[in-house]
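One structure is given here, and the rest of the page talks about it.
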Amino acid sequence: MTIAQVIQGRGEVWSVSADAQVSDAIDMLAHHRIGALPVSDGDSGVAGIFSERDMIRCLHKHGEAALHMKVRDMMTAPVVTVSPQTSVMEALALMTQRRFRHLPVVEGNCMVAFVSIGDLVKHRLDKIEAEADAMRVYIQQA
């Protein structure tokens with residue numbers, strides 16, 4: 001099972017510019033009800049990730065002034081990425097070992113998706129449930 005299977009049929013990937021104000025990024029997180037955004041920086045692909053954790057750390061350090069800072073000043077960088085061919089288990093292991101919850105999916109120099117650990121766990125659980133259902137049917141027919 002690969003990341004390509006998880007992202008199949010997904011729509012738009014929301015992102016924020018590295019030059020955007022933190023308050024704008026917070027608005028996007030709240031509006032879309034998500035925990036992180038990939039950060040774009042012109043042609044360089046994914047420059048970083050802006051997450052709720054980044055926001056909390058910056059608010060703690062800078063107070064209200066953090067809201068007027070640039071995303072680039074508080075994003076997590078450099079960013080770790082995976083390809084669509086990466087296995088779900090490999091991505092889960094990477095996220096667990098490195099202790100982060102979001103991964104940009106990059107093909108060539110282009111980000112094609114952004115997955116969370118929740119996306120990967122759900123996909124894995126759905127597959128396990130489908131296998132269990134198939135086994136129940138097999139046992140009933142035996």
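Ordering of the structure tokens sets the chain letters (A, B, ...), residue numbers begin anew at 1 in every chain, and ligands are numbered from 1 in the order given.
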Please give the complete set of residues from chain A that DSSP, run on the backbone, assigns to helix (DSSP H, G or I), formatted as an mmCIF file with N, CA and C atoms, in the first residue's frame.
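Output file result.cif follows:
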data_model
loop_
_atom_site.group_PDB
_atom_site.id
_atom_site.type_symbol
_atom_site.label_atom_id
_atom_site.label_comp_id
_atom_site.auth_asym_id
_atom_site.auth_seq_id
_atom_site.Cartn_x
_atom_site.Cartn_y
_atom_site.Cartn_z
ATOM 1 N N ILE A 3 1.494 5.682 -0.664
ATOM 2 C CA ILE A 3 0.902 7.004 -0.464
ATOM 3 C C ILE A 3 -0.004 7.354 -1.648
ATOM 4 N N ALA A 4 0.348 6.910 -2.848
ATOM 5 C CA ALA A 4 -0.476 7.189 -4.029
ATOM 6 C C ALA A 4 -1.902 6.690 -3.825
ATOM 7 N N GLN A 5 -2.071 5.550 -3.163
ATOM 8 C CA GLN A 5 -3.413 5.020 -2.901
ATOM 9 C C GLN A 5 -4.167 5.895 -1.899
ATOM 10 N N VAL A 6 -3.454 6.449 -0.949
ATOM 11 C CA VAL A 6 -4.080 7.300 0.067
ATOM 12 C C VAL A 6 -4.565 8.608 -0.541
ATOM 13 N N ILE A 7 -3.780 9.175 -1.444
ATOM 14 C CA ILE A 7 -4.096 10.503 -1.984
ATOM 15 C C ILE A 7 -4.950 10.457 -3.242
ATOM 16 N N VAL A 22 1.523 35.584 9.904
ATOM 17 C CA VAL A 22 1.096 34.454 10.721
ATOM 18 C C VAL A 22 -0.413 34.502 10.957
ATOM 19 N N SER A 23 -0.967 35.688 11.160
ATOM 20 C CA SER A 23 -2.414 35.793 11.391
ATOM 21 C C SER A 23 -3.207 35.256 10.199
ATOM 22 N N ASP A 24 -2.709 35.440 8.977
ATOM 23 C CA ASP A 24 -3.375 34.906 7.788
ATOM 24 C C ASP A 24 -3.306 33.377 7.765
ATOM 25 N N ALA A 25 -2.155 32.837 8.147
ATOM 26 C CA ALA A 25 -2.013 31.376 8.199
ATOM 27 C C ALA A 25 -2.946 30.784 9.257
ATOM 28 N N ILE A 26 -3.067 31.459 10.394
ATOM 29 C CA ILE A 26 -3.976 30.995 11.442
ATOM 30 C C ILE A 26 -5.411 30.999 10.943
ATOM 31 N N ASP A 27 -5.785 32.039 10.201
ATOM 32 C CA ASP A 27 -7.130 32.094 9.607
ATOM 33 C C ASP A 27 -7.375 30.892 8.702
ATOM 34 N N MET A 28 -6.369 30.529 7.897
ATOM 35 C CA MET A 28 -6.510 29.376 7.000
ATOM 36 C C MET A 28 -6.677 28.076 7.785
ATOM 37 N N LEU A 29 -5.870 27.901 8.833
ATOM 38 C CA LEU A 29 -5.976 26.696 9.652
ATOM 39 C C LEU A 29 -7.372 26.586 10.241
ATOM 40 N N ALA A 30 -7.875 27.694 10.785
ATOM 41 C CA ALA A 30 -9.199 27.685 11.412
ATOM 42 C C ALA A 30 -10.296 27.475 10.376
ATOM 43 N N HIS A 31 -10.201 28.169 9.254
ATOM 44 C CA HIS A 31 -11.239 28.079 8.217
ATOM 45 C C HIS A 31 -11.364 26.655 7.659
ATOM 46 N N HIS A 32 -10.230 26.025 7.406
ATOM 47 C CA HIS A 32 -10.238 24.681 6.813
ATOM 48 C C HIS A 32 -10.250 23.569 7.864
ATOM 49 N N GLY A 42 7.839 30.596 -3.631
ATOM 50 C CA GLY A 42 8.113 30.764 -5.055
ATOM 51 C C GLY A 42 8.275 29.430 -5.752
ATOM 52 N N ASP A 43 9.373 29.269 -6.492
ATOM 53 C CA ASP A 43 9.599 28.078 -7.308
ATOM 54 C C ASP A 43 10.275 26.940 -6.554
ATOM 55 N N SER A 44 10.629 27.163 -5.305
ATOM 56 C CA SER A 44 11.434 26.161 -4.601
ATOM 57 C C SER A 44 10.618 24.994 -4.057
ATOM 58 N N GLU A 52 0.111 24.158 14.052
ATOM 59 C CA GLU A 52 -0.393 24.678 15.323
ATOM 60 C C GLU A 52 0.728 24.709 16.362
ATOM 61 N N ARG A 53 1.570 23.708 16.347
ATOM 62 C CA ARG A 53 2.688 23.665 17.297
ATOM 63 C C ARG A 53 3.643 24.841 17.085
ATOM 64 N N ASP A 54 3.931 25.150 15.816
ATOM 65 C CA ASP A 54 4.792 26.296 15.520
ATOM 66 C C ASP A 54 4.169 27.582 16.060
ATOM 67 N N MET A 55 2.860 27.715 15.860
ATOM 68 C CA MET A 55 2.151 28.898 16.299
ATOM 69 C C MET A 55 2.215 29.041 17.823
ATOM 70 N N ILE A 56 1.987 27.963 18.541
ATOM 71 C CA ILE A 56 2.013 28.005 20.002
ATOM 72 C C ILE A 56 3.407 28.389 20.509
ATOM 73 N N ARG A 57 4.434 27.782 19.931
ATOM 74 C CA ARG A 57 5.803 28.111 20.353
ATOM 75 C C ARG A 57 6.115 29.591 20.134
ATOM 76 N N CYS A 58 5.697 30.105 18.986
ATOM 77 C CA CYS A 58 5.983 31.499 18.661
ATOM 78 C C CYS A 58 5.170 32.447 19.536
ATOM 79 N N LEU A 59 3.913 32.122 19.789
ATOM 80 C CA LEU A 59 3.108 32.952 20.680
ATOM 81 C C LEU A 59 3.705 32.972 22.083
ATOM 82 N N HIS A 60 4.195 31.841 22.531
ATOM 83 C CA HIS A 60 4.822 31.770 23.844
ATOM 84 C C HIS A 60 6.063 32.668 23.907
ATOM 85 N N LYS A 61 6.839 32.642 22.832
ATOM 86 C CA LYS A 61 8.099 33.389 22.811
ATOM 87 C C LYS A 61 7.905 34.887 22.540
ATOM 88 N N HIS A 62 6.986 35.240 21.624
ATOM 89 C CA HIS A 62 6.864 36.620 21.166
ATOM 90 C C HIS A 62 5.563 37.306 21.575
ATOM 91 N N GLY A 63 4.636 36.567 22.151
ATOM 92 C CA GLY A 63 3.358 37.166 22.521
ATOM 93 C C GLY A 63 2.561 37.578 21.298
ATOM 94 N N GLU A 64 1.743 38.595 21.465
ATOM 95 C CA GLU A 64 0.857 39.056 20.398
ATOM 96 C C GLU A 64 1.607 39.496 19.141
ATOM 97 N N ALA A 65 2.850 39.914 19.283
ATOM 98 C CA ALA A 65 3.656 40.339 18.127
ATOM 99 C C ALA A 65 3.825 39.202 17.125
ATOM 100 N N ALA A 66 3.702 37.971 17.572
ATOM 101 C CA ALA A 66 3.833 36.814 16.680
ATOM 102 C C ALA A 66 2.813 36.851 15.553
ATOM 103 N N LEU A 67 1.648 37.401 15.810
ATOM 104 C CA LEU A 67 0.586 37.445 14.799
ATOM 105 C C LEU A 67 0.969 38.293 13.591
ATOM 106 N N HIS A 68 1.915 39.205 13.773
ATOM 107 C CA HIS A 68 2.320 40.113 12.699
ATOM 108 C C HIS A 68 3.641 39.699 12.054
ATOM 109 N N VAL A 71 5.306 34.052 8.158
ATOM 110 C CA VAL A 71 5.276 32.603 8.328
ATOM 111 C C VAL A 71 6.693 32.036 8.276
ATOM 112 N N ARG A 72 7.532 32.561 7.392
ATOM 113 C CA ARG A 72 8.905 32.054 7.241
ATOM 114 C C ARG A 72 9.695 32.142 8.542
ATOM 115 N N ASP A 73 9.306 33.062 9.425
ATOM 116 C CA ASP A 73 10.037 33.258 10.674
ATOM 117 C C ASP A 73 9.669 32.241 11.755
ATOM 118 N N VAL A 88 2.902 3.298 2.849
ATOM 119 C CA VAL A 88 2.228 3.900 3.997
ATOM 120 C C VAL A 88 2.969 3.554 5.280
ATOM 121 N N MET A 89 3.418 2.323 5.416
ATOM 122 C CA MET A 89 4.129 1.911 6.625
ATOM 123 C C MET A 89 5.456 2.656 6.772
ATOM 124 N N GLU A 90 6.145 2.887 5.657
ATOM 125 C CA GLU A 90 7.397 3.644 5.702
ATOM 126 C C GLU A 90 7.129 5.091 6.134
ATOM 127 N N ALA A 91 6.072 5.694 5.612
ATOM 128 C CA ALA A 91 5.718 7.062 5.991
ATOM 129 C C ALA A 91 5.315 7.136 7.461
ATOM 130 N N LEU A 92 4.535 6.160 7.924
ATOM 131 C CA LEU A 92 4.148 6.127 9.335
ATOM 132 C C LEU A 92 5.367 5.983 10.242
ATOM 133 N N ALA A 93 6.289 5.130 9.856
ATOM 134 C CA ALA A 93 7.511 4.942 10.644
ATOM 135 C C ALA A 93 8.324 6.238 10.687
ATOM 136 N N LEU A 94 8.446 6.906 9.560
ATOM 137 C CA LEU A 94 9.178 8.168 9.489
ATOM 138 C C LEU A 94 8.539 9.209 10.402
ATOM 139 N N MET A 95 7.233 9.320 10.342
ATOM 140 C CA MET A 95 6.522 10.302 11.162
ATOM 141 C C MET A 95 6.668 9.975 12.654
ATOM 142 N N THR A 96 6.632 8.716 12.985
ATOM 143 C CA THR A 96 6.760 8.301 14.383
ATOM 144 C C THR A 96 8.177 8.558 14.885
ATOM 145 N N GLN A 97 9.171 8.167 14.106
ATOM 146 C CA GLN A 97 10.569 8.351 14.508
ATOM 147 C C GLN A 97 10.937 9.827 14.627
ATOM 148 N N ARG A 98 10.476 10.630 13.693
ATOM 149 C CA ARG A 98 10.856 12.051 13.661
ATOM 150 C C ARG A 98 9.897 12.924 14.481
ATOM 151 N N ILE A 117 -0.728 12.155 9.749
ATOM 152 C CA ILE A 117 -0.627 10.827 10.334
ATOM 153 C C ILE A 117 -2.028 10.226 10.482
ATOM 154 N N GLY A 118 -3.019 11.079 10.728
ATOM 155 C CA GLY A 118 -4.408 10.616 10.806
ATOM 156 C C GLY A 118 -4.893 10.028 9.495
ATOM 157 N N ASP A 119 -4.523 10.659 8.370
ATOM 158 C CA ASP A 119 -4.889 10.130 7.049
ATOM 159 C C ASP A 119 -4.326 8.727 6.861
ATOM 160 N N LEU A 120 -3.065 8.552 7.239
ATOM 161 C CA LEU A 120 -2.384 7.277 7.028
ATOM 162 C C LEU A 120 -2.926 6.191 7.956
ATOM 163 N N VAL A 121 -3.168 6.537 9.211
ATOM 164 C CA VAL A 121 -3.727 5.565 10.156
ATOM 165 C C VAL A 121 -5.127 5.151 9.702
ATOM 166 N N LYS A 122 -5.956 6.112 9.285
ATOM 167 C CA LYS A 122 -7.304 5.777 8.809
ATOM 168 C C LYS A 122 -7.246 4.842 7.611
ATOM 169 N N HIS A 123 -6.361 5.146 6.664
ATOM 170 C CA HIS A 123 -6.244 4.307 5.478
ATOM 171 C C HIS A 123 -5.816 2.889 5.868
ATOM 172 N N ARG A 124 -4.873 2.798 6.779
ATOM 173 C CA ARG A 124 -4.388 1.488 7.240
ATOM 174 C C ARG A 124 -5.493 0.723 7.968
ATOM 175 N N LEU A 125 -6.242 1.393 8.838
ATOM 176 C CA LEU A 125 -7.342 0.741 9.558
ATOM 177 C C LEU A 125 -8.446 0.286 8.602
ATOM 178 N N ASP A 126 -8.757 1.107 7.593
ATOM 179 C CA ASP A 126 -9.755 0.708 6.594
ATOM 180 C C ASP A 126 -9.313 -0.556 5.868
ATOM 181 N N LYS A 127 -8.026 -0.641 5.549
ATOM 182 C CA LYS A 127 -7.504 -1.833 4.865
ATOM 183 C C LYS A 127 -7.586 -3.052 5.779
ATOM 184 N N ILE A 128 -7.235 -2.895 7.031
ATOM 185 C CA ILE A 128 -7.311 -4.011 7.986
ATOM 186 C C ILE A 128 -8.759 -4.471 8.140
ATOM 187 N N GLU A 129 -9.691 -3.526 8.226
ATOM 188 C CA GLU A 129 -11.116 -3.876 8.354
ATOM 189 C C GLU A 129 -11.604 -4.616 7.107
ATOM 190 N N ALA A 130 -11.187 -4.177 5.930
ATOM 191 C CA ALA A 130 -11.586 -4.859 4.689
ATOM 192 C C ALA A 130 -11.033 -6.282 4.664
ATOM 193 N N GLU A 131 -9.789 -6.455 5.115
ATOM 194 C CA GLU A 131 -9.206 -7.801 5.170
ATOM 195 C C GLU A 131 -9.960 -8.682 6.166
ATOM 196 N N ALA A 132 -10.338 -8.115 7.304
ATOM 197 C CA ALA A 132 -11.093 -8.871 8.311
ATOM 198 C C ALA A 132 -12.463 -9.267 7.761
ATOM 199 N N ASP A 133 -13.123 -8.360 7.048
ATOM 200 C CA ASP A 133 -14.419 -8.677 6.437
ATOM 201 C C ASP A 133 -14.278 -9.806 5.430
ATOM 202 N N ALA A 134 -13.235 -9.751 4.616
ATOM 203 C CA ALA A 134 -12.994 -10.798 3.626
ATOM 204 C C ALA A 134 -12.745 -12.135 4.316
ATOM 205 N N MET A 135 -12.015 -12.123 5.416
ATOM 206 C CA MET A 135 -11.746 -13.350 6.158
ATOM 207 C C MET A 135 -13.032 -13.911 6.760
ATOM 208 N N ARG A 136 -13.915 -13.042 7.278
ATOM 209 C CA ARG A 136 -15.197 -13.502 7.833
ATOM 210 C C ARG A 136 -16.041 -14.173 6.754
ATOM 211 N N VAL A 137 -16.067 -13.580 5.574
ATOM 212 C CA VAL A 137 -16.828 -14.151 4.460
ATOM 213 C C VAL A 137 -16.225 -15.504 4.088
ATOM 214 N N TYR A 138 -14.921 -15.580 4.025
ATOM 215 C CA TYR A 138 -14.242 -16.834 3.676
ATOM 216 C C TYR A 138 -14.573 -17.918 4.693
ATOM 217 N N ILE A 139 -14.526 -17.590 5.971
ATOM 218 C CA ILE A 139 -14.816 -18.563 7.028
ATOM 219 C C ILE A 139 -16.254 -19.015 6.968
ATOM 220 N N GLN A 140 -17.180 -18.101 6.715
ATOM 221 C CA GLN A 140 -18.594 -18.453 6.623
ATOM 222 C C GLN A 140 -18.870 -19.372 5.451
ATOM 223 N N GLN A 141 -18.121 -19.234 4.369
ATOM 224 C CA GLN A 141 -18.325 -20.050 3.185
ATOM 225 C C GLN A 141 -17.654 -21.423 3.313
#
